[in-house]
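What follows is one structure encoded as structure tokens, with my remarks underneath.
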Amino acid sequence: LVTATLIPSVARAPSTYVVGAKTFAEQYVLSALIEQRLQAARLQASTREGLGSSVIFQALAANNIDVYVDYSGTLWLNQFHRTDMPPRETLLAELKKILAKQDITLLGALGFENAYALVMPRHRADALAIHSITDLAAHAPTLSIAGDYEFFSRPEWTALQKAYGLSFRTQ
């Protein structure tokens, strides 16, 4: 009886779900939460961290990872090279269709928006009278800017530079 009960569980290897994460803190936290939820459901799960936007999408498409959190704007602009910006619901519906053609399921929104912001220490902004991006543009040639390596290759950054004439001393 014991042998008959154990054979099915020995005969099939347990599924292990691989949760992907991009190269920044928010992604590490989100992937860890997904991993924990899967494990709480008694499923085996691990994370594969430090994947860039293109790499992580290709890993998902190739079944090297099973799930990851992405951002609708990143997929829309960078992965699918779309230049139009429809309303949020339209964009999500269209993404769902595009992804389905690649046998990828868009599970849904997480209920928060992740938007880029340009920030600087308040004392420095006050000293230079910077209260807007327009104000920042006037001082940009004397300042340095830093960010994650993917940000500076994104269309959003190019559009921001073009719209405000942003040209920093160093990047």
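For the structure tokens, the naming scheme is as follows: chains receive sequential letters (A, B, ...) according to their order of presentation, residues are indexed from 1 within each chain, and ligands are indexed from 1 in presentation order.
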### Message
Residues of range 14-145 of chain A classed as helix (DSSP H, G or I) by DSSP on the backbone are to be reported as a PyMOL selection string.
### Response
chain A and resi 25-40+53-61+72-79+88-100+122-128+133-142
List every residue of range 93-161 of chain A that has an atom at most 9 Å from any atom of range 74-85 of chain A, and for each one report the closest atom pair and its distance in Å to one decimal, counting only C-alpha atoms, with rows sorted by chain and then by increasing residue number, as JSON lines.
{"residue": "A:Leu95", "atom": "CA", "partner": "A:Trp76", "partner_atom": "CA", "distance": 7.2}
{"residue": "A:Ile98", "atom": "CA", "partner": "A:Phe80", "partner_atom": "CA", "distance": 8.8}
{"residue": "A:Arg154", "atom": "CA", "partner": "A:Asn78", "partner_atom": "CA", "distance": 6.9}
{"residue": "A:Pro155", "atom": "CA", "partner": "A:Leu77", "partner_atom": "CA", "distance": 7.0}
{"residue": "A:Glu156", "atom": "CA", "partner": "A:Leu77", "partner_atom": "CA", "distance": 8.5}
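Comparing A:Ala59, A:Gln44, A:Gly73, A:Tyr68 by their smallest distance to Leu30 in chain A, the closest is A:Tyr68 (using only C-alpha atoms).
Residues with any atom within 12 Å of range 37-41 of chain A, counting only C-alpha atoms and excluding same-chain neighbours fewer than 4 positions away, are Ser15, Thr16, Tyr17, Val18, Val19, Leu30, Ser31, Ala32, Leu33, Ala45, Ser46, Thr47, Asp66 and Val67 of chain A.
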### Task
Have a look at A:Asp126, A:Val119, A:Ile104, A:Glu150 and name the one nearest to Lys22 in chain A; count only C-alpha atoms.
A:Glu150
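Among A:Gly20, A:Ser144, A:Leu43, A:Ser72, the residue with the shortest atom-to-atom distance to Gln58 in chain A, counting only C-alpha atoms, is A:Gly20.
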### Query
Any idea what the distance is between CA of Pro86 in chain A and CA of Tyr71 in chain A?
15.0 Å
### Message
Would you compute the distance between CA of Gln27 in chain A and CA of Gln171 in chain A? Give it in Å to one decimal.
### Response
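Interatomic distance here is 23.3 Å.
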### Summary
As a check of understanding: the span from CA of Pro141 in chain A to CA of Pro121 in chain A is 17.5 Å
## Note on the structure
Between A:Arg124, A:Leu118, A:Asn64, A:Ala129, smallest distance to Leu51 in chain A by only C-alpha atoms belongs to A:Asn64
### Query
Using the chain letters and numbers from this document, which residues of range 33-158 of chain A does DSSP assign to strand (DSSP E), as a list in words?
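Across range 33-158 of chain A, those assigned strand (DSSP E) are Gln44, Ala45, Ser46, Thr47 and Arg48 of chain A.
Nearest-residue note for Phe24 in chain A: choosing from A:Trp157, A:Leu106, A:Gly165, A:Tyr149, the minimum distance belongs to A:Tyr149, counting only C-alpha atoms.
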